[in-house]
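Below is one structure, written out as structure tokens; comments come after it.
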Amino acid sequence: MKITARLCLLFGWVHALKPSLPTNNAEISRRDAIKATTAISTASIFLPTTQSLALPLDAPAVSNAPPAVSISAAGKATLPKMGLGAWAWGDSLFWGYSKDEDKELEQVFRYAIENGVSFFDTAELYGIGRSESLIKDFAARMEDADRQKISVATKFAALPWRTKRGDVVNAAEASVRRLGRPIDLYQIHFPNAYANEAYWDGLADCFDKGLVKSVGVSNYGKDAVKACHSSLAKRGIPLSSNQVQMSLLYRGPLDNGLKDTCDELGVQTIAYSPLALGLLTGKYNAQNFPKGPRKKLAERLFVENGPAAERLLDSMRSIAVKRGADTPLSQVALNWCIAKNTCVIPGARNMKQVKQNLGALQWSLTKDEVAMLDEASKALPSLVPPEASPFPKKDKDTGLIMFDS
Ligand SMILES: NC(=O)c1ccc[n+]([C@@H]2O[C@H](COP(=O)([O-])OP(=O)(O)OC[C@H]3O[C@@H](n4cnc5c(N)ncnc54)[C@H](OP(=O)(O)O)[C@@H]3O)[C@@H](O)[C@H]2O)c1
């Protein structure tokens with residue numbers, strides 16, 4: 001119960017303990033889903049590989065232009081260097097979202113797609129389905145050609161009472177209804193204390209039913225990734241990705257071998273909270289904390305670890321300024337994740353943020369700069385140490401370590 005309560009807080013699960021996620025009335029038939037899947041596969045061949053002209057005219061030449069999300073018929077997804085995270089789109093408890101933001105969020109969505117970032121990460125828990133529904137609504141108002149560029153990753157919430165493979169299929173069906181399209185990448189959001197093996201069968205069932213085009217996990221540790229990879233392989237389905245927290249303030253997956261394990265298995269790492277929830281953008285400091293739940297993290301960073309935090313931000317500033325006086329620190333934070341060979345999925349709540357964040361794709365860090373940032377970031381503790389994480393660490397049925405960073 002304690003774990004559930006903490007998960008509720010973390011993911012904005014405010015209304016009920018037992019989920020009752022909204023669905024759209026229009027049912028999507030299995031045949032429609034498969035038809036749409038085929039259409040999207042075909043369209044993905046034509047996804048842009050360079051930035052469009054909508055970027056500022058004084059923008060430097062593109063060096064990190066995102067490739068299209070492509071997914072093989074066998075279900076292996078190749079993800080771009082950058083996607084956009086949609087947790088804040090619809091979540092009022094953690095992010096203080098209000099419906100007044102929808103107009104600008106739609107502009108953010110459009111700008112991203114028009115500028116080559118057309119991969120969106122959401123979850124059934126984000127805004128209790130609202131994030132998925134917003135993506136559906138925004139996409140519905142796009143021109144066909146732009147809509148076909150969109151790829152969506154969403155997530156199954158491994159809530160304690162969900163213990164059957166059928167729970168994964170039911171949740172995927174509901175997400176497909178809310179999104180109005182098949183799911184390009186379907187991820188187990190976090191481990192449960194039980195039933196994790198049943199979830200892997202559920203993922204495979206979703207793939208076989210044509211509800212999802214590829215599958216992944218999130219917040220999985222080394223042993224769990226290996227076990228899930230081998231379970232899916234028995235059904236002939238590749239594990240495409242593991243989405244984990246990774247940033248200059250959260251290096252766990254790099255330092256404990258998780259990223260290496262994923263690389264060895266051909267499982268792509270998706271780096272979430274790459275801006276450390278905004279703390280790495282330079283706008284927050286000891287005099288200016290974010291409101292809400294982030295305040296505690298800001299205190300830990302800027303008060304308890306003030307000098308080391310300042311050294312890291314100074315290193316970031318020195319790198320940014322070499323690219324131009326106006327280069328935002330967020331681009332340094334994102335390029336560090338890209339340099340670590342991850343698909344980075346920053347959140348963006350307004351036009352200024354999305355423009356700045358996509359700008360990271362226009363330049364890259366040198367090896368020396370990456371080393372300098374590594375040194376500065378290693379001097380700081382993880383803001384949320386793994387042991388304080390709300391995710392179950394072990395599967396109580398099998399003894400498998402599920403979470404380790
Ligand atoms: N799998 C998981 O368990 C999990 C967990 C967390 C996140 N995620 C995914 O990862 C995505 C990104 O992570 P996140 O949203 O947690 O954190 P993040 O990307 O580290 O930070 C995003 C926040 O930073 C601020 N920001 C963004 N760009 C900025 C800029 N250029 N300048 C100044 N401020 C900026 C905005 O908040 P303010 O304007 O309010 O400061 C924004 O909401 C999520 O949307 C979600 O898709 C997954």
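Here, A, B, ... name the chains of the structure tokens in the order displayed, residue numbers run from 1 inside each chain, and ligands are numbered from 1 in the same displayed order.
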Find the spatial neighbours of Ser133 of chain A, counting only C-alpha atoms, within a cut-off of 6 Å - ignore same-chain residues fewer than 2 positions away - and output them as a list in words.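 Close residues of Ser133 of chain A: Arg130, Ser131, Ile135, Lys136, Arg178 and Leu179 of chain A.
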Hey, can you spit out that residue selection with N, CA and C atoms as a compact mmCIF listing (two decimals), in the first residue's frame?
```txt
# COMPACT_ATOMS: atom_id res chain seq x y z
N ARG A 130 -5.15 11.35 -19.99
CA ARG A 130 -5.30 12.61 -20.74
C ARG A 130 -4.13 12.86 -21.71
N SER A 131 -2.93 12.49 -21.29
CA SER A 131 -1.78 12.71 -22.17
C SER A 131 -1.99 11.96 -23.50
N ILE A 135 -2.63 13.63 -27.35
CA ILE A 135 -1.84 13.27 -28.54
C ILE A 135 -2.78 12.88 -29.68
N LYS A 136 -3.82 12.13 -29.33
CA LYS A 136 -4.79 11.76 -30.38
C LYS A 136 -5.42 13.02 -30.98
N ARG A 178 -7.61 5.32 -26.73
CA ARG A 178 -7.36 6.73 -26.38
C ARG A 178 -6.47 7.41 -27.41
N LEU A 179 -5.50 6.64 -27.95
CA LEU A 179 -4.57 7.23 -28.92
C LEU A 179 -5.17 7.28 -30.33
```
Write out as a PyMOL selection string each polymer residue (protein, DNA or RNA) that has an atom no more than 8 Å from ligand 1, with only C-alpha atoms and all ligand atoms counted. chain A and resi 84-89+95+120-123+155+189-190+218-219+243-245+247+271-283+290+328-331+345-350+352-357
Create the file for the chosen residues now, containing C-alpha atoms and written as a PDB file, in the first residue's frame.
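File produced: out_11.pdb:
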```pdb
ATOM      1  CA  LEU A  84       9.438  14.304 -26.826  1.00  0.00           C
ATOM      2  CA  GLY A  85       8.153  13.298 -23.382  1.00  0.00           C
ATOM      3  CA  ALA A  86       4.479  13.982 -22.674  1.00  0.00           C
ATOM      4  CA  TRP A  87       4.232  13.333 -18.925  1.00  0.00           C
ATOM      5  CA  ALA A  88       3.504  16.990 -18.164  1.00  0.00           C
ATOM      6  CA  TRP A  89       0.745  17.057 -20.800  1.00  0.00           C
ATOM      7  CA  TRP A  95       3.388  19.230 -13.098  1.00  0.00           C
ATOM      8  CA  PHE A 120       6.325  10.969 -28.524  1.00  0.00           C
ATOM      9  CA  ASP A 121       6.530   9.157 -25.208  1.00  0.00           C
ATOM     10  CA  THR A 122       3.413   8.932 -23.080  1.00  0.00           C
ATOM     11  CA  ALA A 123       1.780   6.505 -20.613  1.00  0.00           C
ATOM     12  CA  LYS A 155       3.269   2.330 -21.199  1.00  0.00           C
ATOM     13  CA  HIS A 189       6.263   1.216 -17.171  1.00  0.00           C
ATOM     14  CA  PHE A 190       7.971  -0.202 -14.048  1.00  0.00           C
ATOM     15  CA  SER A 218      11.102   0.785 -18.383  1.00  0.00           C
ATOM     16  CA  ASN A 219      12.861   1.063 -15.044  1.00  0.00           C
ATOM     17  CA  GLN A 243      13.526   3.421 -20.686  1.00  0.00           C
ATOM     18  CA  VAL A 244      15.435   4.596 -17.623  1.00  0.00           C
ATOM     19  CA  GLN A 245      16.216   7.757 -15.768  1.00  0.00           C
ATOM     20  CA  SER A 247      20.961  12.627 -16.854  1.00  0.00           C
ATOM     21  CA  ALA A 271      16.890   8.393 -21.334  1.00  0.00           C
ATOM     22  CA  TYR A 272      14.022   9.893 -19.335  1.00  0.00           C
ATOM     23  CA  SER A 273      14.105  13.067 -17.225  1.00  0.00           C
ATOM     24  CA  PRO A 274      17.277  14.100 -19.091  1.00  0.00           C
ATOM     25  CA  LEU A 275      16.943  17.665 -17.786  1.00  0.00           C
ATOM     26  CA  ALA A 276      16.542  16.321 -14.232  1.00  0.00           C
ATOM     27  CA  LEU A 277      12.953  17.636 -14.267  1.00  0.00           C
ATOM     28  CA  GLY A 278      14.190  21.096 -15.312  1.00  0.00           C
ATOM     29  CA  LEU A 279      16.990  21.381 -12.718  1.00  0.00           C
ATOM     30  CA  LEU A 280      19.647  21.157 -15.436  1.00  0.00           C
ATOM     31  CA  THR A 281      18.321  24.053 -17.483  1.00  0.00           C
ATOM     32  CA  GLY A 282      19.989  26.790 -15.418  1.00  0.00           C
ATOM     33  CA  LYS A 283      16.697  28.502 -14.559  1.00  0.00           C
ATOM     34  CA  PRO A 290      10.544  25.050  -8.673  1.00  0.00           C
ATOM     35  CA  PRO A 328      20.730  27.173 -23.435  1.00  0.00           C
ATOM     36  CA  LEU A 329      22.115  24.762 -20.854  1.00  0.00           C
ATOM     37  CA  SER A 330      19.310  22.336 -21.677  1.00  0.00           C
ATOM     38  CA  GLN A 331      21.080  21.630 -24.987  1.00  0.00           C
ATOM     39  CA  ILE A 345      13.042  12.289 -24.460  1.00  0.00           C
ATOM     40  CA  PRO A 346      12.937  15.729 -22.811  1.00  0.00           C
ATOM     41  CA  GLY A 347       9.646  17.176 -21.683  1.00  0.00           C
ATOM     42  CA  ALA A 348       8.590  20.560 -23.088  1.00  0.00           C
ATOM     43  CA  ARG A 349       5.615  22.611 -21.927  1.00  0.00           C
ATOM     44  CA  ASN A 350       5.884  25.669 -24.130  1.00  0.00           C
ATOM     45  CA  LYS A 352      10.409  28.344 -25.970  1.00  0.00           C
ATOM     46  CA  GLN A 353      11.301  25.030 -24.363  1.00  0.00           C
ATOM     47  CA  VAL A 354      10.631  22.894 -27.424  1.00  0.00           C
ATOM     48  CA  LYS A 355      12.636  25.217 -29.668  1.00  0.00           C
ATOM     49  CA  GLN A 356      15.546  25.191 -27.253  1.00  0.00           C
ATOM     50  CA  ASN A 357      15.457  21.434 -26.765  1.00  0.00           C
TER      51      ASN A 357
END
```
Work out how far atom CA of Trp336 of chain A is from atom CA of Glu369 of chain A, in Å to one decimal.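 Between these atoms lies a distance of 8.9 Å.
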Which is closer to Ala224 of chain A than all the others in A:Pro191, A:Gly252, A:Pro307, A:Gly266, using only C-alpha atoms?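 When distances to Ala224 of chain A are compared using only C-alpha atoms, the smallest one comes from A:Pro191.
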As an MDAnalysis selection string, please: every residue in segment 81-184 of chain A that a backbone DSSP assignment puts in strand (DSSP E or B). chainID A and resid 82 84:85 119:121 151:156 183
In segment 59-296 of chain A, DSSP helix (DSSP H, G or I) residues written as a PyMOL selection string: chain A and resi 99-114+126-140+144-147+165-179+196-208+222-234+252-255+258-265+276-281+294-296
Let me see the file: selected residues, C-alpha atoms, as an mmCIF file, in the first residue's frame.
```cif
data_model
loop_
_atom_site.group_PDB
_atom_site.id
_atom_site.type_symbol
_atom_site.label_atom_id
_atom_site.label_comp_id
_atom_site.auth_asym_id
_atom_site.auth_seq_id
_atom_site.Cartn_x
_atom_site.Cartn_y
_atom_site.Cartn_z
ATOM 1 C CA LYS A 99 -6.416 22.725 -19.644
ATOM 2 C CA ASP A 100 -5.449 26.316 -20.454
ATOM 3 C CA GLU A 101 -2.107 24.903 -21.608
ATOM 4 C CA ASP A 102 -3.634 22.751 -24.347
ATOM 5 C CA LYS A 103 -3.412 25.390 -27.064
ATOM 6 C CA GLU A 104 0.305 25.903 -26.583
ATOM 7 C CA LEU A 105 0.929 22.172 -26.095
ATOM 8 C CA GLU A 106 -0.614 21.603 -29.505
ATOM 9 C CA GLN A 107 1.782 24.183 -30.967
ATOM 10 C CA VAL A 108 4.657 22.371 -29.237
ATOM 11 C CA PHE A 109 3.497 19.082 -30.769
ATOM 12 C CA ARG A 110 3.268 20.603 -34.248
ATOM 13 C CA TYR A 111 6.589 22.400 -34.014
ATOM 14 C CA ALA A 112 8.337 19.190 -32.996
ATOM 15 C CA ILE A 113 6.911 17.209 -35.909
ATOM 16 C CA GLU A 114 7.529 19.974 -38.426
ATOM 17 C CA TYR A 126 0.055 10.428 -17.402
ATOM 18 C CA GLY A 127 -2.913 12.585 -16.514
ATOM 19 C CA ILE A 128 -4.832 9.311 -16.116
ATOM 20 C CA GLY A 129 -5.170 8.914 -19.860
ATOM 21 C CA ARG A 130 -5.301 12.610 -20.737
ATOM 22 C CA SER A 131 -1.783 12.712 -22.175
ATOM 23 C CA GLU A 132 -2.682 9.928 -24.621
ATOM 24 C CA SER A 133 -5.977 11.632 -25.518
ATOM 25 C CA LEU A 134 -4.264 14.963 -26.142
ATOM 26 C CA ILE A 135 -1.841 13.273 -28.538
ATOM 27 C CA LYS A 136 -4.787 11.759 -30.377
ATOM 28 C CA ASP A 137 -6.555 15.133 -30.626
ATOM 29 C CA PHE A 138 -3.432 17.022 -31.688
ATOM 30 C CA ALA A 139 -2.592 14.387 -34.315
ATOM 31 C CA ALA A 140 -6.152 14.422 -35.679
ATOM 32 C CA ASP A 144 -2.086 13.730 -43.334
ATOM 33 C CA ALA A 145 1.555 13.917 -44.406
ATOM 34 C CA ASP A 146 2.657 15.173 -40.981
ATOM 35 C CA ARG A 147 0.381 12.793 -39.090
ATOM 36 C CA ARG A 165 -1.047 -11.314 -19.049
ATOM 37 C CA GLY A 166 -4.596 -10.353 -20.032
ATOM 38 C CA ASP A 167 -4.228 -7.167 -17.958
ATOM 39 C CA VAL A 168 -1.509 -6.036 -20.365
ATOM 40 C CA VAL A 169 -3.690 -6.753 -23.388
ATOM 41 C CA ASN A 170 -6.702 -4.963 -21.874
ATOM 42 C CA ALA A 171 -4.596 -1.929 -21.009
ATOM 43 C CA ALA A 172 -3.073 -1.852 -24.502
ATOM 44 C CA GLU A 173 -6.547 -1.961 -26.040
ATOM 45 C CA ALA A 174 -7.613 0.984 -23.894
ATOM 46 C CA SER A 175 -4.472 2.939 -24.849
ATOM 47 C CA VAL A 176 -5.094 2.203 -28.533
ATOM 48 C CA ARG A 177 -8.604 3.603 -28.120
ATOM 49 C CA ARG A 178 -7.357 6.730 -26.376
ATOM 50 C CA LEU A 179 -4.572 7.228 -28.924
ATOM 51 C CA ASN A 196 6.485 -9.756 -14.127
ATOM 52 C CA GLU A 197 6.801 -12.876 -16.273
ATOM 53 C CA ALA A 198 3.077 -12.739 -17.015
ATOM 54 C CA TYR A 199 3.566 -9.197 -18.307
ATOM 55 C CA TRP A 200 6.158 -10.370 -20.834
ATOM 56 C CA ASP A 201 3.640 -12.892 -22.189
ATOM 57 C CA GLY A 202 1.137 -10.042 -22.250
ATOM 58 C CA LEU A 203 3.500 -7.876 -24.305
ATOM 59 C CA ALA A 204 3.969 -10.727 -26.772
ATOM 60 C CA ASP A 205 0.187 -11.233 -26.952
ATOM 61 C CA CYS A 206 -0.256 -7.519 -27.740
ATOM 62 C CA PHE A 207 2.308 -7.828 -30.532
ATOM 63 C CA ASP A 208 0.665 -10.942 -31.973
ATOM 64 C CA LYS A 222 20.247 -5.699 -15.691
ATOM 65 C CA ASP A 223 18.843 -9.100 -14.649
ATOM 66 C CA ALA A 224 15.281 -8.113 -15.499
ATOM 67 C CA VAL A 225 16.263 -6.884 -18.979
ATOM 68 C CA LYS A 226 18.091 -10.153 -19.647
ATOM 69 C CA ALA A 227 15.161 -12.268 -18.436
ATOM 70 C CA CYS A 228 12.564 -10.294 -20.387
ATOM 71 C CA HIS A 229 14.745 -10.345 -23.520
ATOM 72 C CA SER A 230 15.028 -14.128 -23.355
ATOM 73 C CA SER A 231 11.328 -14.665 -22.561
ATOM 74 C CA LEU A 232 10.278 -12.586 -25.580
ATOM 75 C CA ALA A 233 12.861 -14.306 -27.778
ATOM 76 C CA LYS A 234 11.020 -17.607 -27.143
ATOM 77 C CA GLY A 252 23.123 4.987 -12.445
ATOM 78 C CA PRO A 253 22.542 3.088 -15.702
ATOM 79 C CA LEU A 254 25.975 4.136 -16.992
ATOM 80 C CA ASP A 255 27.893 3.464 -13.820
ATOM 81 C CA LEU A 258 22.884 -1.490 -17.082
ATOM 82 C CA LYS A 259 23.507 0.522 -20.247
ATOM 83 C CA ASP A 260 26.298 -1.902 -21.270
ATOM 84 C CA THR A 261 23.988 -4.876 -20.692
ATOM 85 C CA CYS A 262 21.337 -3.288 -22.893
ATOM 86 C CA ASP A 263 23.918 -2.527 -25.595
ATOM 87 C CA GLU A 264 25.124 -6.141 -25.573
ATOM 88 C CA LEU A 265 21.549 -7.383 -26.036
ATOM 89 C CA ALA A 276 16.542 16.321 -14.232
ATOM 90 C CA LEU A 277 12.953 17.636 -14.267
ATOM 91 C CA GLY A 278 14.190 21.096 -15.312
ATOM 92 C CA LEU A 279 16.990 21.381 -12.718
ATOM 93 C CA LEU A 280 19.647 21.157 -15.436
ATOM 94 C CA THR A 281 18.321 24.053 -17.483
ATOM 95 C CA ARG A 294 10.382 19.231 -7.359
ATOM 96 C CA LYS A 295 11.240 21.680 -4.598
ATOM 97 C CA LYS A 296 12.745 18.950 -2.396
#
```
Using only C-alpha atoms, can you tell me which of A:Thr269, A:Lys340, A:Val384, A:Ile319 comes closest to Leu297 of chain A?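 Looking at the shortest contact to Leu297 of chain A, the residue is A:Val384.
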Taking only C-alpha atoms into account, which of A:Gly359, A:Pro386, A:Gly116, A:Pro238 comes nearest Asn256 of chain A?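 Distance minimum relative to Asn256 of chain A lands on A:Pro386.
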So, counting only C-alpha atoms, which residue among A:Ala339, A:Met316, A:Ala308, A:Lys394 is closest to Met82 of chain A?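 Answer, going by the shortest atom-to-atom distance: A:Ala339.
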Determine the nearest neighbour of Met246 of chain A from the options A:Ser405, A:Asp326, A:Trp363, A:Ser92, counting only C-alpha atoms.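 Ranking A:Ser405, A:Asp326, A:Trp363, A:Ser92 by distance to Met246 of chain A, first place goes to A:Ser405.
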Residue neighbourhood Leu312 of chain A, 8 Å, only C-alpha atoms, exclusion window fewer than 5 positions, as a PyMOL selection string: chain A and resi 373+376-377
Suppose we keep N, CA and C atoms; can you now write the selection as an mmCIF file, in the first residue's frame?
```cif
data_model
loop_
_atom_site.group_PDB
_atom_site.id
_atom_site.type_symbol
_atom_site.label_atom_id
_atom_site.label_comp_id
_atom_site.auth_asym_id
_atom_site.auth_seq_id
_atom_site.Cartn_x
_atom_site.Cartn_y
_atom_site.Cartn_z
ATOM 1 N N LEU A 373 32.178 16.923 -18.566
ATOM 2 C CA LEU A 373 30.855 16.824 -17.937
ATOM 3 C C LEU A 373 30.764 15.585 -17.048
ATOM 4 N N ALA A 376 32.445 16.313 -13.738
ATOM 5 C CA ALA A 376 31.638 17.186 -12.866
ATOM 6 C C ALA A 376 30.401 16.449 -12.347
ATOM 7 N N SER A 377 29.804 15.612 -13.190
ATOM 8 C CA SER A 377 28.565 14.950 -12.747
ATOM 9 C C SER A 377 28.852 13.833 -11.749
#
```
Could you jot down the atom CA of Gln287 of chain A to atom CA of Val303 of chain A separation for me, Å, one decimal place?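 It comes out at 9.8 Å.
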From A:Leu380, A:Ser241, A:Tyr194, A:Gln148, residue lying nearest Lys164 of chain A [only C-alpha atoms]: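 Closest to Lys164 of chain A of all the choices is A:Tyr194.
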What's around Ser364 of chain A at 10 Å? Count only C-alpha atoms, leave out sequence neighbours fewer than 3 positions away in its own chain, and write the answer as a ChimeraX atom specification. /A:62-64,323,331-332,334-336,338-339,360-361,367,369-370
